[in-house]
Every structure is written in C-alpha cells, then in structure tokens.
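Peer 1: Next up is a structure, given as structure tokens.
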Amino acid sequence: MGNQRFEITNIFFDKNILFRSMVDSIIEELKDVIIRKGEATMLLSGGSTPGPLYKLLDEECAFLEKIKIGLVDERYVPVSSEFSNEKYIKNCFSKHPEAFYQITGMVIDSEDEKKNIDHVNSKYQDFLNQTDIVILGMGTDGHIASIFPEDKESLRALLTSEKTILKTKAPSKPSHRITCSMKMITEATSIYMLFHGNEKRKVLHDKTQSLPIHDLLEKRKDVKIFYLDDDK
C-alpha cells in the first residue's frame, strides 16, 4: 500500500460505471441472503451522493419487497423536512407504490427525542439482530453515519459494546442526529462505502489522525470501498 493507510479496492472514473458495478454486487449478495433466509436486511445512508445508486437499485432489483430497509443515521427532524434522510431515500425508491417497500425510518416521535430513541430501538429489532448489508458514506471530517469526531455523544456510539441506536450531535445544523452504534455497523455481514473527491481520499489515508472512518476500517478490513475519482 506504500504510504496509503487503507487500500481502496474499487476506483472508478465514470460514475455510471461505478453505480452499475456497486448495484450488481449488492444485488448478488442480497439474492444469496434471500435464498438462504427468505428475506434480507439493509441499512442505507442519506445524502445526495448515493441517490443514483438507490434509484438504480430500485430499477434493477427484482425482489425489493423481500428486503427490510432501514437508515444508518438520520437528522432528528420531521419526515416532512427537506433535511430528512428518510424522505430523500423514499423518493429514490419510487418505481412502486410506497406500501410496496419495507422502509422504516428513524423519526417516529419528532417532539420527544428520548422517547424517539426508545421507539427506534424497538422498531429496528430486525436490524439489531442482524443486518446483511450496510451502505456508508464519509464526511470530509472523517465522520461516518452520524458518528462525529470531537462529539461526546458520538464517542459513546463509537465505543459502546452494544448494538444499539443512539443520539449524537453534528457540528452543522440540523445538529441533533440519530445513529447506529459502531458495533452495530461493524457487525453487519457486508459493508459498502461510497465516496468521491481527493479531499476525502486524503482523510482516508491520513496517518496523523484517528477518526471514525479509521476506526471502522481497523475493525472491518473487508469493507468494500467504491471511490469515484472525479477531481480534474
């Protein structure tokens, strides 16, 4: 690996080829799980970067009704908010009526944060028991899911030995977040990570820091990293 801290296994220069390759791999894994168990579980990240991936998955996957879909993390805002990951993801899965999909969000009670966390941990029991696939992104500060550097509540999510869902604080608004613990993420059967840009690539390989992304990749050296090199 030379001076690189972690190896990027899949580098692409065309976003359409990247999304096609990633979707093909995800569908193949999901198919194997469904053959074995009859259903599968998958946790998705929000943000605009994976949107085309989800839309292609919606088009190409012939058994989405057998997949329970949850969120890796969420902003603690009403589902109607423009900042809602749930709203964005549901808009990506639109080939069929909404009732066709098994998508469970993380904001059930937008008025009581503590009660909401209790509700989510109950609603996400299938994902807590075993998540088959997690799809992650990363921030330029090295955060994954809503586990942020230099946040006390994120530190708990990073260090807890429990598979659980917790509240955290982001450095940007909306600051109140909900996230799966690192333990829950790293115990998924398969983890995919999608990101682009040289700035994030430098963060990935930065040996001078210990960030949530580094913790993930130390714990799970088999993360399937899909990187779009789109810097000119």
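By convention here, the chains of the structure tokens are called A, B, ... in the order presented, each chain's residues are numbered starting at 1, and ligands are numbered starting at 1 in the order presented.
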Within 7 Å of stretch 185-206 of chain A, which residues of stretch 72-168 of chain A come that close, and what is the closest atom pair and distance in Å for each? Count only C-alpha atoms and give it as JSON lines.

Peer 2:
{"residue": "A:Gln130", "atom": "CA", "partner": "A:Ala188", "partner_atom": "CA", "distance": 6.5}
{"residue": "A:Thr131", "atom": "CA", "partner": "A:Ala188", "partner_atom": "CA", "distance": 4.9}
{"residue": "A:Asp132", "atom": "CA", "partner": "A:Thr189", "partner_atom": "CA", "distance": 4.8}
{"residue": "A:Ile133", "atom": "CA", "partner": "A:Ser190", "partner_atom": "CA", "distance": 4.9}
{"residue": "A:Val134", "atom": "CA", "partner": "A:Ile191", "partner_atom": "CA", "distance": 4.9}
{"residue": "A:Ile135", "atom": "CA", "partner": "A:Tyr192", "partner_atom": "CA", "distance": 4.8}
{"residue": "A:Leu136", "atom": "CA", "partner": "A:Met193", "partner_atom": "CA", "distance": 4.6}
{"residue": "A:Gly137", "atom": "CA", "partner": "A:Leu194", "partner_atom": "CA", "distance": 5.2}
{"residue": "A:Met138", "atom": "CA", "partner": "A:Phe195", "partner_atom": "CA", "distance": 6.5}
{"residue": "A:Thr140", "atom": "CA", "partner": "A:Lys200", "partner_atom": "CA", "distance": 5.3}
{"residue": "A:Gly142", "atom": "CA", "partner": "A:Val203", "partner_atom": "CA", "distance": 6.4}

Peer 1: Keeping only C-alpha atoms, take the residues you just selected and write them out as a PDB file, in the first residue's frame.

Peer 2:
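What ended up in again.pdb:
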ATOM      1  CA  GLN A 130     -28.539  -8.990  12.107  1.00  0.00           C
ATOM      2  CA  THR A 131     -28.010  -6.532   9.278  1.00  0.00           C
ATOM      3  CA  ASP A 132     -26.998  -8.125   5.994  1.00  0.00           C
ATOM      4  CA  ILE A 133     -25.755  -5.031   4.143  1.00  0.00           C
ATOM      5  CA  VAL A 134     -24.778  -1.527   5.257  1.00  0.00           C
ATOM      6  CA  ILE A 135     -24.105   1.270   2.767  1.00  0.00           C
ATOM      7  CA  LEU A 136     -21.987   4.106   4.152  1.00  0.00           C
ATOM      8  CA  GLY A 137     -20.566   7.416   3.036  1.00  0.00           C
ATOM      9  CA  MET A 138     -17.974   9.551   4.775  1.00  0.00           C
ATOM     10  CA  THR A 140     -14.552  15.452   4.968  1.00  0.00           C
ATOM     11  CA  GLY A 142     -13.843  11.644   8.784  1.00  0.00           C
TER      12      GLY A 142
END

Peer 1: With the cut-off set at 8 Å and counting only C-alpha atoms, tabulate each residue of stretch 77-123 of chain A with an atom at most that distance from an atom of stretch 26-49 of chain A, showing the nearest atom pair and its distance in Å to one decimal, ordered by chain and increasing number, as CSV.

Peer 2:
residue,atom,partner,partner_atom,distance
A:Asn85,CA,A:Gly46,CA,4.8
A:Glu86,CA,A:Gly46,CA,7.6
A:Tyr88,CA,A:Gly46,CA,7.2
A:Ile89,CA,A:Gly46,CA,6.8

Peer 1: Quick one: write out the picked residues with C-alpha atoms as a PDB file, in the first residue's frame?

Peer 2:
ATOM      1  CA  ASN A  85     -32.862  11.237   5.053  1.00  0.00           C
ATOM      2  CA  GLU A  86     -36.000   9.105   5.199  1.00  0.00           C
ATOM      3  CA  TYR A  88     -34.904  11.516   0.426  1.00  0.00           C
ATOM      4  CA  ILE A  89     -34.488   7.726   0.393  1.00  0.00           C
TER       5      ILE A  89
END

Peer 1: Among stretch 28-229 of chain A, which ones does DSSP place in strand (DSSP E), written as a PyMOL selection string?

Peer 2: chain A and resi 40-44+67-71+73-75+102-103+133-136+165-169+176-180+190-196+224-228

Peer 1: Output as a ChimeraX atom specification all residues of stretch 108-231 of chain A that backbone DSSP marks as alpha helix (DSSP H).

Peer 2: /A:113-123,125-129,152-159,182-186,198-204,212-219

Peer 1: For C-alpha atoms, I'd like the residues from the last selection saved as a PDB file, in the first residue's frame.

Peer 2:
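The result, written out as part32.pdb:
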ATOM      1  CA  GLU A 113     -36.015  12.893  21.498  1.00  0.00           C
ATOM      2  CA  LYS A 114     -35.582  10.317  24.275  1.00  0.00           C
ATOM      3  CA  LYS A 115     -38.868   8.614  23.546  1.00  0.00           C
ATOM      4  CA  ASN A 116     -37.969   8.571  19.860  1.00  0.00           C
ATOM      5  CA  ILE A 117     -34.695   6.731  20.532  1.00  0.00           C
ATOM      6  CA  ASP A 118     -36.610   4.115  22.555  1.00  0.00           C
ATOM      7  CA  HIS A 119     -39.100   3.707  19.691  1.00  0.00           C
ATOM      8  CA  VAL A 120     -36.348   3.327  17.092  1.00  0.00           C
ATOM      9  CA  ASN A 121     -34.515   0.671  19.074  1.00  0.00           C
ATOM     10  CA  SER A 122     -37.782  -1.254  19.232  1.00  0.00           C
ATOM     11  CA  LYS A 123     -38.661  -0.738  15.546  1.00  0.00           C
ATOM     12  CA  GLN A 125     -35.039  -5.038  16.177  1.00  0.00           C
ATOM     13  CA  ASP A 126     -34.537  -6.930  12.914  1.00  0.00           C
ATOM     14  CA  PHE A 127     -31.507  -4.764  12.067  1.00  0.00           C
ATOM     15  CA  LEU A 128     -30.157  -5.031  15.608  1.00  0.00           C
ATOM     16  CA  ASN A 129     -30.414  -8.825  15.410  1.00  0.00           C
ATOM     17  CA  LYS A 152     -19.109  13.394  23.410  1.00  0.00           C
ATOM     18  CA  GLU A 153     -22.269  11.558  22.366  1.00  0.00           C
ATOM     19  CA  SER A 154     -20.585  10.270  19.197  1.00  0.00           C
ATOM     20  CA  LEU A 155     -17.786   8.902  21.362  1.00  0.00           C
ATOM     21  CA  ARG A 156     -20.336   6.757  23.159  1.00  0.00           C
ATOM     22  CA  ALA A 157     -21.644   5.490  19.805  1.00  0.00           C
ATOM     23  CA  LEU A 158     -18.068   4.767  18.778  1.00  0.00           C
ATOM     24  CA  LEU A 159     -17.010   2.919  21.940  1.00  0.00           C
ATOM     25  CA  MET A 182     -20.191   1.444  15.501  1.00  0.00           C
ATOM     26  CA  LYS A 183     -20.705  -2.038  16.991  1.00  0.00           C
ATOM     27  CA  MET A 184     -23.975  -2.390  15.079  1.00  0.00           C
ATOM     28  CA  ILE A 185     -22.361  -1.197  11.835  1.00  0.00           C
ATOM     29  CA  THR A 186     -19.256  -3.360  12.079  1.00  0.00           C
ATOM     30  CA  ASN A 198      -9.471  13.892  -3.404  1.00  0.00           C
ATOM     31  CA  GLU A 199     -10.174  15.695  -0.103  1.00  0.00           C
ATOM     32  CA  LYS A 200     -11.953  12.677   1.343  1.00  0.00           C
ATOM     33  CA  ARG A 201      -9.335  10.346  -0.070  1.00  0.00           C
ATOM     34  CA  LYS A 202      -6.662  12.283   1.836  1.00  0.00           C
ATOM     35  CA  VAL A 203      -8.688  11.948   5.045  1.00  0.00           C
ATOM     36  CA  LEU A 204      -8.935   8.200   4.500  1.00  0.00           C
ATOM     37  CA  PRO A 212     -14.442   7.374  12.989  1.00  0.00           C
ATOM     38  CA  ILE A 213     -13.689   6.253   9.410  1.00  0.00           C
ATOM     39  CA  HIS A 214     -10.341   4.863  10.582  1.00  0.00           C
ATOM     40  CA  ASP A 215     -11.985   3.050  13.483  1.00  0.00           C
ATOM     41  CA  LEU A 216     -14.390   1.386  11.060  1.00  0.00           C
ATOM     42  CA  LEU A 217     -11.633   0.258   8.716  1.00  0.00           C
ATOM     43  CA  GLU A 218      -9.461  -1.036  11.549  1.00  0.00           C
ATOM     44  CA  LYS A 219     -12.354  -3.135  12.818  1.00  0.00           C
TER      45      LYS A 219
END

Peer 1: Would you pick out the contacts of stretch 12-23 of chain A at 8 Å or less, using only C-alpha atoms, so that residues sharing its chain but fewer than 6 positions from it are not included, and give the list as a list in words?

Peer 2: Pro52, Leu53, Leu56, Leu57, Phe226, Tyr227, Leu228, Asp229 and Asp230 of chain A

Peer 1: Just the number, please: distance in Å from atom CA of A:Cys92 to atom CA of A:Glu65, one decimal.

Peer 2: 15.0 Å

Peer 1: Would you compute the distance between atom CA of A:Asp112 and atom CA of A:Phe148? Give it in Å to one decimal.

Peer 2: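 Interatomic distance here is 22.5 Å.
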
Peer 1: Would you mind telling me which residue in A:Ser161, A:Arg177, A:Asn91, A:Glu98 lies nearest to A:Arg75 when using only C-alpha atoms?

Peer 2: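 Nearest candidate to A:Arg75 out of A:Ser161, A:Arg177, A:Asn91, A:Glu98: A:Arg177.
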